[in-house]
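The file structure.cif contains mmCIF, C-alpha atoms:
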data_entry
#
loop_
_atom_site.group_PDB
_atom_site.id
_atom_site.type_symbol
_atom_site.label_atom_id
_atom_site.label_comp_id
_atom_site.auth_asym_id
_atom_site.auth_seq_id
_atom_site.Cartn_x
_atom_site.Cartn_y
_atom_site.Cartn_z
ATOM 1 C CA ASN A 5 128.094 104.511 98.828
ATOM 2 C CA ALA A 6 127.525 107.975 100.327
ATOM 3 C CA GLY A 7 125.138 109.296 97.621
ATOM 4 C CA VAL A 8 124.342 112.979 98.206
ATOM 5 C CA THR A 9 125.891 114.592 101.277
ATOM 6 C CA GLN A 10 124.820 117.975 102.631
ATOM 7 C CA THR A 11 126.407 120.027 105.379
ATOM 8 C CA PRO A 12 125.579 121.488 107.795
ATOM 9 C CA LYS A 13 122.411 119.704 108.924
ATOM 10 C CA PHE A 14 121.341 122.595 111.141
ATOM 11 C CA ARG A 15 122.316 126.244 111.291
ATOM 12 C CA ILE A 16 121.050 129.402 112.935
ATOM 13 C CA LEU A 17 121.972 132.688 111.301
ATOM 14 C CA LYS A 18 121.450 136.289 112.259
ATOM 15 C CA ILE A 19 119.874 138.668 109.767
ATOM 16 C CA GLY A 20 122.497 139.931 107.372
ATOM 17 C CA GLN A 21 124.966 137.096 107.887
ATOM 18 C CA SER A 22 126.160 134.954 104.993
ATOM 19 C CA MET A 23 126.824 131.258 104.735
ATOM 20 C CA THR A 24 127.387 128.425 102.304
ATOM 21 C CA LEU A 25 125.497 125.146 102.263
ATOM 22 C CA GLN A 26 127.719 122.403 100.945
ATOM 23 C CA CYS A 27 126.522 119.586 98.689
ATOM 24 C CA THR A 28 128.575 116.791 97.198
ATOM 25 C CA GLN A 29 127.609 113.628 95.332
ATOM 26 C CA ASP A 30 129.680 110.583 94.449
ATOM 27 C CA MET A 31 127.449 109.103 91.736
ATOM 28 C CA ASN A 32 129.003 111.038 88.836
ATOM 29 C CA HIS A 33 125.652 112.711 88.137
ATOM 30 C CA ASN A 34 125.639 115.603 85.721
ATOM 31 C CA TYR A 35 122.455 117.206 87.055
ATOM 32 C CA MET A 36 122.332 118.783 90.499
ATOM 33 C CA TYR A 37 119.623 120.861 92.144
ATOM 34 C CA TRP A 38 118.923 122.972 95.184
ATOM 35 C CA TYR A 39 115.381 123.057 96.537
ATOM 36 C CA ARG A 40 113.855 124.760 99.538
ATOM 37 C CA GLN A 41 110.843 123.455 101.397
ATOM 38 C CA ASP A 42 108.793 125.648 103.681
ATOM 39 C CA PRO A 43 106.509 124.039 106.307
ATOM 40 C CA GLY A 44 103.547 122.257 104.725
ATOM 41 C CA MET A 45 104.654 123.162 101.237
ATOM 42 C CA GLY A 46 106.260 121.415 98.303
ATOM 43 C CA LEU A 47 109.795 121.796 97.044
ATOM 44 C CA LYS A 48 110.677 124.951 95.179
ATOM 45 C CA LEU A 49 113.659 124.959 92.855
ATOM 46 C CA ILE A 50 116.290 127.568 93.688
ATOM 47 C CA TYR A 51 119.090 126.779 91.233
ATOM 48 C CA TYR A 52 120.169 123.845 89.145
ATOM 49 C CA SER A 53 123.158 122.716 87.131
ATOM 50 C CA VAL A 54 123.376 120.381 84.134
ATOM 51 C CA GLY A 55 127.127 119.952 84.382
ATOM 52 C CA ALA A 56 130.345 121.426 85.668
ATOM 53 C CA GLY A 57 130.578 125.113 84.813
ATOM 54 C CA ILE A 58 126.873 125.453 83.992
ATOM 55 C CA THR A 59 124.244 126.802 86.372
ATOM 56 C CA ASP A 60 120.777 128.231 85.903
ATOM 57 C CA LYS A 61 118.064 129.860 87.961
ATOM 58 C CA GLY A 62 115.044 128.005 89.164
ATOM 59 C CA GLU A 63 111.761 129.322 90.521
ATOM 60 C CA VAL A 64 113.081 131.183 93.585
ATOM 61 C CA PRO A 65 116.738 132.252 93.015
ATOM 62 C CA ASN A 66 116.697 135.671 94.683
ATOM 63 C CA GLY A 67 119.065 135.920 97.638
ATOM 64 C CA TYR A 68 121.106 132.883 96.608
ATOM 65 C CA ASN A 69 124.099 132.059 94.457
ATOM 66 C CA VAL A 70 125.631 128.806 93.289
ATOM 67 C CA SER A 71 128.726 127.538 91.549
ATOM 68 C CA ARG A 72 129.615 124.234 89.920
ATOM 69 C CA SER A 73 133.364 123.978 89.506
ATOM 70 C CA THR A 74 133.388 120.163 89.649
ATOM 71 C CA THR A 75 130.910 117.400 88.848
ATOM 72 C CA GLU A 76 130.781 116.398 92.519
ATOM 73 C CA ASP A 77 130.175 119.715 94.289
ATOM 74 C CA PHE A 78 127.327 122.208 94.102
ATOM 75 C CA PRO A 79 127.477 124.714 96.981
ATOM 76 C CA LEU A 80 124.645 127.153 97.678
ATOM 77 C CA ARG A 81 125.588 130.594 98.987
ATOM 78 C CA LEU A 82 123.224 132.767 101.014
ATOM 79 C CA GLU A 83 124.196 136.428 101.025
ATOM 80 C CA LEU A 84 122.648 138.798 103.572
ATOM 81 C CA ALA A 85 120.371 136.235 105.229
ATOM 82 C CA ALA A 86 116.760 137.256 105.781
ATOM 83 C CA PRO A 87 113.999 135.662 107.925
ATOM 84 C CA SER A 88 112.222 134.685 104.686
ATOM 85 C CA GLN A 89 115.099 132.294 104.009
ATOM 86 C CA THR A 90 114.244 130.211 107.056
ATOM 87 C CA SER A 91 113.525 126.851 105.478
ATOM 88 C CA VAL A 92 114.753 123.333 104.883
ATOM 89 C CA TYR A 93 117.149 123.107 101.968
ATOM 90 C CA PHE A 94 117.564 119.933 99.942
ATOM 91 C CA CYS A 95 120.281 119.201 97.459
ATOM 92 C CA ALA A 96 119.548 116.545 94.844
ATOM 93 C CA SER A 97 121.213 114.959 91.855
ATOM 94 C CA ASN A 98 120.397 112.679 88.973
ATOM 95 C CA SER A 99 121.809 111.489 85.694
ATOM 96 C CA GLY A 100 119.410 113.700 83.732
ATOM 97 C CA GLY A 101 116.982 112.717 81.044
ATOM 98 C CA ASN A 102 113.379 111.825 81.573
ATOM 99 C CA THR A 103 113.815 108.698 83.627
ATOM 100 C CA GLY A 104 116.622 109.591 86.018
ATOM 101 C CA GLU A 105 115.627 109.095 89.647
ATOM 102 C CA LEU A 106 116.362 112.054 91.890
ATOM 103 C CA PHE A 107 118.599 111.325 94.850
ATOM 104 C CA PHE A 108 118.369 113.725 97.772
ATOM 105 C CA GLY A 109 120.634 114.733 100.588
ATOM 106 C CA GLU A 110 119.232 114.625 104.118
ATOM 107 C CA GLY A 111 118.484 118.330 104.144
ATOM 108 C CA SER A 112 119.847 121.408 105.883
ATOM 109 C CA ARG A 113 117.569 123.188 108.352
ATOM 110 C CA LEU A 114 118.293 126.897 108.359
ATOM 111 C CA THR A 115 116.807 129.433 110.766
ATOM 112 C CA VAL A 116 117.387 133.154 110.306
ATOM 113 C CA LEU A 117 116.683 135.279 113.381
ATOM 114 C CA ARG B 8 97.187 127.504 87.270
ATOM 115 C CA LYS B 9 100.105 125.816 89.021
ATOM 116 C CA GLU B 10 102.200 123.409 86.983
ATOM 117 C CA VAL B 11 101.561 120.500 89.317
ATOM 118 C CA GLU B 12 98.635 120.468 91.727
ATOM 119 C CA GLN B 13 97.782 118.145 94.547
ATOM 120 C CA ASP B 14 95.183 118.145 97.286
ATOM 121 C CA PRO B 15 97.279 118.657 100.426
ATOM 122 C CA GLY B 16 94.874 116.615 102.590
ATOM 123 C CA PRO B 17 95.374 115.253 105.138
ATOM 124 C CA PHE B 18 93.731 112.011 104.181
ATOM 125 C CA ASN B 19 92.936 110.257 107.436
ATOM 126 C CA VAL B 20 92.177 106.535 106.941
ATOM 127 C CA PRO B 21 92.020 103.405 109.099
ATOM 128 C CA GLU B 22 94.428 100.538 108.667
ATOM 129 C CA GLY B 23 93.376 98.255 105.846
ATOM 130 C CA ALA B 24 91.598 100.979 103.886
ATOM 131 C CA THR B 25 92.139 101.763 100.231
ATOM 132 C CA VAL B 26 93.030 105.359 99.465
ATOM 133 C CA ALA B 27 93.677 107.201 96.220
ATOM 134 C CA PHE B 28 95.416 110.481 95.435
ATOM 135 C CA ASN B 29 95.309 112.465 92.228
ATOM 136 C CA CYS B 30 97.743 114.954 90.819
ATOM 137 C CA THR B 31 97.026 117.247 87.886
ATOM 138 C CA TYR B 32 99.631 118.846 85.642
ATOM 139 C CA SER B 33 99.208 121.829 83.364
ATOM 140 C CA ASN B 34 101.702 121.196 80.575
ATOM 141 C CA SER B 35 100.460 118.654 78.062
ATOM 142 C CA ALA B 36 104.030 118.217 76.776
ATOM 143 C CA SER B 37 105.156 116.666 80.079
ATOM 144 C CA GLN B 38 106.832 113.363 79.435
ATOM 145 C CA SER B 39 107.576 111.536 82.667
ATOM 146 C CA PHE B 40 105.846 111.221 85.994
ATOM 147 C CA PHE B 41 106.749 109.955 89.422
ATOM 148 C CA TRP B 42 105.488 109.555 92.951
ATOM 149 C CA TYR B 43 107.909 110.316 95.771
ATOM 150 C CA ARG B 44 107.338 109.629 99.441
ATOM 151 C CA GLN B 45 108.494 112.024 102.137
ATOM 152 C CA ASP B 46 108.469 111.109 105.806
ATOM 153 C CA CYS B 47 108.256 113.845 108.406
ATOM 154 C CA ARG B 48 111.434 115.936 108.465
ATOM 155 C CA LYS B 49 113.169 113.620 105.995
ATOM 156 C CA GLU B 50 114.236 113.856 102.382
ATOM 157 C CA PRO B 51 111.918 112.678 99.577
ATOM 158 C CA LYS B 52 112.526 109.218 98.160
ATOM 159 C CA LEU B 53 111.266 107.677 94.948
ATOM 160 C CA LEU B 54 108.193 105.516 95.487
ATOM 161 C CA MET B 55 107.490 104.634 91.886
ATOM 162 C CA SER B 56 107.584 105.888 88.330
ATOM 163 C CA VAL B 57 104.289 106.197 86.458
ATOM 164 C CA TYR B 58 104.091 104.539 83.073
ATOM 165 C CA SER B 59 101.558 105.192 80.326
ATOM 166 C CA SER B 60 100.043 101.734 80.684
ATOM 167 C CA GLY B 61 99.816 102.007 84.455
ATOM 168 C CA ASN B 62 101.983 100.044 86.839
ATOM 169 C CA GLU B 63 101.754 98.235 90.112
ATOM 170 C CA ASP B 64 104.232 97.599 92.900
ATOM 171 C CA GLY B 65 102.767 95.462 95.636
ATOM 172 C CA ARG B 66 99.974 97.432 97.298
ATOM 173 C CA PHE B 67 100.673 100.526 95.207
ATOM 174 C CA THR B 68 99.209 101.238 91.779
ATOM 175 C CA ALA B 69 100.031 104.276 89.681
ATOM 176 C CA GLN B 70 98.141 105.407 86.614
ATOM 177 C CA LEU B 71 98.501 108.140 84.022
ATOM 178 C CA ASN B 72 95.650 109.814 82.167
ATOM 179 C CA ARG B 73 97.183 111.993 79.472
ATOM 180 C CA ALA B 74 93.858 113.130 78.049
ATOM 181 C CA SER B 75 92.811 114.649 81.376
ATOM 182 C CA GLN B 76 96.385 115.442 82.438
ATOM 183 C CA TYR B 77 96.460 113.709 85.780
ATOM 184 C CA ILE B 78 98.238 110.886 87.499
ATOM 185 C CA SER B 79 96.943 108.840 90.373
ATOM 186 C CA LEU B 80 98.300 106.729 93.199
ATOM 187 C CA LEU B 81 96.206 103.979 94.771
ATOM 188 C CA ILE B 82 97.248 102.379 98.034
ATOM 189 C CA ARG B 83 95.483 99.185 99.036
ATOM 190 C CA ASP B 84 95.398 97.625 102.506
ATOM 191 C CA SER B 85 96.924 100.729 104.119
ATOM 192 C CA LYS B 86 99.517 100.183 106.836
ATOM 193 C CA LEU B 87 100.463 102.497 109.686
ATOM 194 C CA SER B 88 103.871 102.774 108.026
ATOM 195 C CA ASP B 89 102.270 104.289 104.912
ATOM 196 C CA SER B 90 101.703 107.517 106.870
ATOM 197 C CA ALA B 91 103.749 110.108 104.990
ATOM 198 C CA THR B 92 103.473 112.870 102.425
ATOM 199 C CA TYR B 93 103.222 111.740 98.809
ATOM 200 C CA LEU B 94 104.756 114.100 96.254
ATOM 201 C CA CYS B 95 103.824 114.130 92.607
ATOM 202 C CA VAL B 96 106.708 114.929 90.250
ATOM 203 C CA VAL B 97 106.520 115.834 86.572
ATOM 204 C CA LYS B 98 109.399 116.111 84.102
ATOM 205 C CA GLY B 99 109.936 116.871 80.481
ATOM 206 C CA SER B 100 107.811 119.955 80.041
ATOM 207 C CA GLY B 101 108.944 121.939 77.029
ATOM 208 C CA GLY B 102 112.011 119.808 76.503
ATOM 209 C CA SER B 103 113.267 120.424 80.026
ATOM 210 C CA TYR B 104 114.336 117.554 82.246
ATOM 211 C CA ILE B 105 113.993 119.648 85.363
ATOM 212 C CA PRO B 106 111.596 117.987 87.822
ATOM 213 C CA THR B 107 108.634 119.973 89.066
ATOM 214 C CA PHE B 108 107.108 118.989 92.391
ATOM 215 C CA GLY B 109 103.569 119.240 93.638
ATOM 216 C CA ARG B 110 103.118 120.408 97.219
ATOM 217 C CA GLY B 111 102.335 116.876 98.378
ATOM 218 C CA THR B 112 99.381 115.009 99.844
ATOM 219 C CA SER B 113 99.518 114.058 103.494
ATOM 220 C CA LEU B 114 98.312 110.568 104.446
ATOM 221 C CA ILE B 115 97.655 109.534 108.027
ATOM 222 C CA VAL B 116 96.821 105.882 108.642
ATOM 223 C CA HIS B 117 95.396 105.223 112.112
ATOM 224 C CA PRO B 118 94.792 101.960 113.990
#
Once you've parsed the file, please lay out its structure as structure tokens.
Amino acid sequence: NAGVTQTPKFRILKIGQSMTLQCTQDMNHNYMYWYRQDPGMGLKLIYYSVGAGITDKGEVPNGYNVSRSTTEDFPLRLELAAPSQTSVYFCASNSGGNTGELFFGEGSRLTVL
Amino acid sequence: RKEVEQDPGPFNVPEGATVAFNCTYSNSASQSFFWYRQDCRKEPKLLMSVYSSGNEDGRFTAQLNRASQYISLLIRDSKLSDSATYLCVVKGSGGSYIPTFGRGTSLIVHP
């Protein structure tokens, strides 16, 4: 059982470049999330989705976009990368509700130079 | 005031020690609470849920104090392998099921 799969694991971008972080889950979870984690800090919510076709902003959405065309996939798009977007990005999913455990991907380490 | 607050530490303890972490939350309507463990450069993983009556899993005990709006994690007989960051997670604020994370408490267990 693959769980939550993120790609790529590492990426270096130049300022102004764009890229997409891929996230897919095989647990048929309705809820999916993108978090970023800066060194020594907690996870900050970028965007989330409660089901296919539905997305919403989290705490730090500026500079990012998402889509949710299927239950399995929740890609995160970075437009015009900036050094402030250097971070570790985690995708997560759960079945929703108050008791659903969050399952995380292994993370994508992004550096913008 | 942040929604979920934790002392970042680090807590530096010898093997065999007992250590406790607290986490405070600001929204009294929060409904569910969890502790996640995160190893260095890895993804967070669920350690345990926190139930109203308190719960125990081996050397780990979690408690909830709704009146004072905090949860706690107690680790007994610390092992070297317990060294990690412990993240407090709160859900259910205002009818939302979106998890909110604290910044984590770093624990270092030394020989």
* Could you state which residues are captured by the PyMOL selection byres ((chain B and resi 29-32) around 12) in this file, as JSON, numbers by chain? => {"B": [8, 9, 10, 11, 12, 13, 14, 15, 16, 26, 27, 28, 33, 34, 35, 36, 37, 38, 39, 40, 41, 42, 57, 68, 69, 70, 71, 72, 73, 74, 75, 76, 77, 78, 79, 80, 81, 82, 93, 94, 95, 96, 97, 98, 99, 100, 107, 108, 109, 110, 111, 112]}
Those same residues - C-alpha atoms - I'd like them written as a PDB file, in the coordinates of the input.
ATOM      1  CA  ARG B   8      97.187 127.504  87.270  1.00  0.00           C
ATOM      2  CA  LYS B   9     100.105 125.816  89.021  1.00  0.00           C
ATOM      3  CA  GLU B  10     102.200 123.409  86.983  1.00  0.00           C
ATOM      4  CA  VAL B  11     101.561 120.500  89.317  1.00  0.00           C
ATOM      5  CA  GLU B  12      98.635 120.468  91.727  1.00  0.00           C
ATOM      6  CA  GLN B  13      97.782 118.145  94.547  1.00  0.00           C
ATOM      7  CA  ASP B  14      95.183 118.145  97.286  1.00  0.00           C
ATOM      8  CA  PRO B  15      97.279 118.657 100.426  1.00  0.00           C
ATOM      9  CA  GLY B  16      94.874 116.615 102.590  1.00  0.00           C
ATOM     10  CA  VAL B  26      93.030 105.359  99.465  1.00  0.00           C
ATOM     11  CA  ALA B  27      93.677 107.201  96.220  1.00  0.00           C
ATOM     12  CA  PHE B  28      95.416 110.481  95.435  1.00  0.00           C
ATOM     13  CA  SER B  33      99.208 121.829  83.364  1.00  0.00           C
ATOM     14  CA  ASN B  34     101.702 121.196  80.575  1.00  0.00           C
ATOM     15  CA  SER B  35     100.460 118.654  78.062  1.00  0.00           C
ATOM     16  CA  ALA B  36     104.030 118.217  76.776  1.00  0.00           C
ATOM     17  CA  SER B  37     105.156 116.666  80.079  1.00  0.00           C
ATOM     18  CA  GLN B  38     106.832 113.363  79.435  1.00  0.00           C
ATOM     19  CA  SER B  39     107.576 111.536  82.667  1.00  0.00           C
ATOM     20  CA  PHE B  40     105.846 111.221  85.994  1.00  0.00           C
ATOM     21  CA  PHE B  41     106.749 109.955  89.422  1.00  0.00           C
ATOM     22  CA  TRP B  42     105.488 109.555  92.951  1.00  0.00           C
ATOM     23  CA  VAL B  57     104.289 106.197  86.458  1.00  0.00           C
ATOM     24  CA  THR B  68      99.209 101.238  91.779  1.00  0.00           C
ATOM     25  CA  ALA B  69     100.031 104.276  89.681  1.00  0.00           C
ATOM     26  CA  GLN B  70      98.141 105.407  86.614  1.00  0.00           C
ATOM     27  CA  LEU B  71      98.501 108.140  84.022  1.00  0.00           C
ATOM     28  CA  ASN B  72      95.650 109.814  82.167  1.00  0.00           C
ATOM     29  CA  ARG B  73      97.183 111.993  79.472  1.00  0.00           C
ATOM     30  CA  ALA B  74      93.858 113.130  78.049  1.00  0.00           C
ATOM     31  CA  SER B  75      92.811 114.649  81.376  1.00  0.00           C
ATOM     32  CA  GLN B  76      96.385 115.442  82.438  1.00  0.00           C
ATOM     33  CA  TYR B  77      96.460 113.709  85.780  1.00  0.00           C
ATOM     34  CA  ILE B  78      98.238 110.886  87.499  1.00  0.00           C
ATOM     35  CA  SER B  79      96.943 108.840  90.373  1.00  0.00           C
ATOM     36  CA  LEU B  80      98.300 106.729  93.199  1.00  0.00           C
ATOM     37  CA  LEU B  81      96.206 103.979  94.771  1.00  0.00           C
ATOM     38  CA  ILE B  82      97.248 102.379  98.034  1.00  0.00           C
ATOM     39  CA  TYR B  93     103.222 111.740  98.809  1.00  0.00           C
ATOM     40  CA  LEU B  94     104.756 114.100  96.254  1.00  0.00           C
ATOM     41  CA  CYS B  95     103.824 114.130  92.607  1.00  0.00           C
ATOM     42  CA  VAL B  96     106.708 114.929  90.250  1.00  0.00           C
ATOM     43  CA  VAL B  97     106.520 115.834  86.572  1.00  0.00           C
ATOM     44  CA  LYS B  98     109.399 116.111  84.102  1.00  0.00           C
ATOM     45  CA  GLY B  99     109.936 116.871  80.481  1.00  0.00           C
ATOM     46  CA  SER B 100     107.811 119.955  80.041  1.00  0.00           C
ATOM     47  CA  THR B 107     108.634 119.973  89.066  1.00  0.00           C
ATOM     48  CA  PHE B 108     107.108 118.989  92.391  1.00  0.00           C
ATOM     49  CA  GLY B 109     103.569 119.240  93.638  1.00  0.00           C
ATOM     50  CA  ARG B 110     103.118 120.408  97.219  1.00  0.00           C
ATOM     51  CA  GLY B 111     102.335 116.876  98.378  1.00  0.00           C
ATOM     52  CA  THR B 112      99.381 115.009  99.844  1.00  0.00           C
TER      53      THR B 112
END
* **Picked residues, the PyMOL selection byres ((chain A and resi 99) around 7), as a ChimeraX atom specification** => /A:33-35,98,100-101,104
* Between atom CA of Ile58 of chain A and atom CA of Arg15 of chain A, what is the distance, to one decimal in Å? ->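 Computing it gives 27.7 Å between the two atoms.
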* To do: Translate the PyMOL selection byres ((chain A) within 9 of (chain B)), as applied to the file shown, into an explicit residue set as a list in words.
  =>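 Going through the file, the PyMOL selection byres ((chain A) within 9 of (chain B)) ends up selecting Tyr35, Tyr37, Gly44, Met45, Gly46, Leu47, Lys48, Leu49, Tyr52, Val92, Phe94, Gly100, Gly101, Asn102, Thr103, Glu105, Leu106, Phe107, Phe108, Gly109, Glu110 and Gly111 of chain A.
Interatomic distance, atom CA of Arg44 of chain B against atom CA of Ser88 of chain B: 11.5 Å.
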* Pick from A:Thr11, A:Ser73, A:Ser22, A:Ser97, whichever lies nearest to Val116 of chain A using all atoms listed in the file ->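 Of A:Thr11, A:Ser73, A:Ser22, A:Ser97, the one nearest Val116 of chain A is A:Ser22, counting all atoms listed in the file.
In this structure, atom CA of Thr74 of chain A sits 24.8 Å away from atom CA of Phe14 of chain A.
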* Name all residues at most 8 Å from Pro118 of chain B (count all atoms listed in the file; drop same-chain ones fewer than 6 positions away) and give them as a PyMOL selection string. => chain B and resi 21-22+87
* **Nearest residue to Gly20 of chain A from the set A:Leu82, A:Cys95, A:Glu63, A:Met36 (distances using all atoms listed in the file)** => A:Leu82
* To do: Can you work out which one of A:Pro12, A:Pro79, A:Gly7, A:Pro87 has the shortest atom-to-atom distance to Thr59 of chain A, counting all atoms listed in the file?
  =>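 That would be A:Pro79, the residue with the smallest distance to Thr59 of chain A.
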* Could you tell me, as a PyMOL selection string, which residues have any atom at most 6 Å from (115.0, 127.1, 89.9), counting all atoms listed in the file? -> chain A and resi 49-51+61-64
Could you pull the residues within 7 Å of Tyr68 of chain A, counting all atoms listed in the file, minus those fewer than 6 positions along the same chain, as a PDB file with C-alpha atoms, keeping the file's coordinate frame?
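Final output, result_14.pdb:
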ATOM      1  CA  LEU A  80     124.645 127.153  97.678  1.00  0.00           C
ATOM      2  CA  ARG A  81     125.588 130.594  98.987  1.00  0.00           C
ATOM      3  CA  LEU A  82     123.224 132.767 101.014  1.00  0.00           C
ATOM      4  CA  GLU A  83     124.196 136.428 101.025  1.00  0.00           C
TER       5      GLU A  83
END
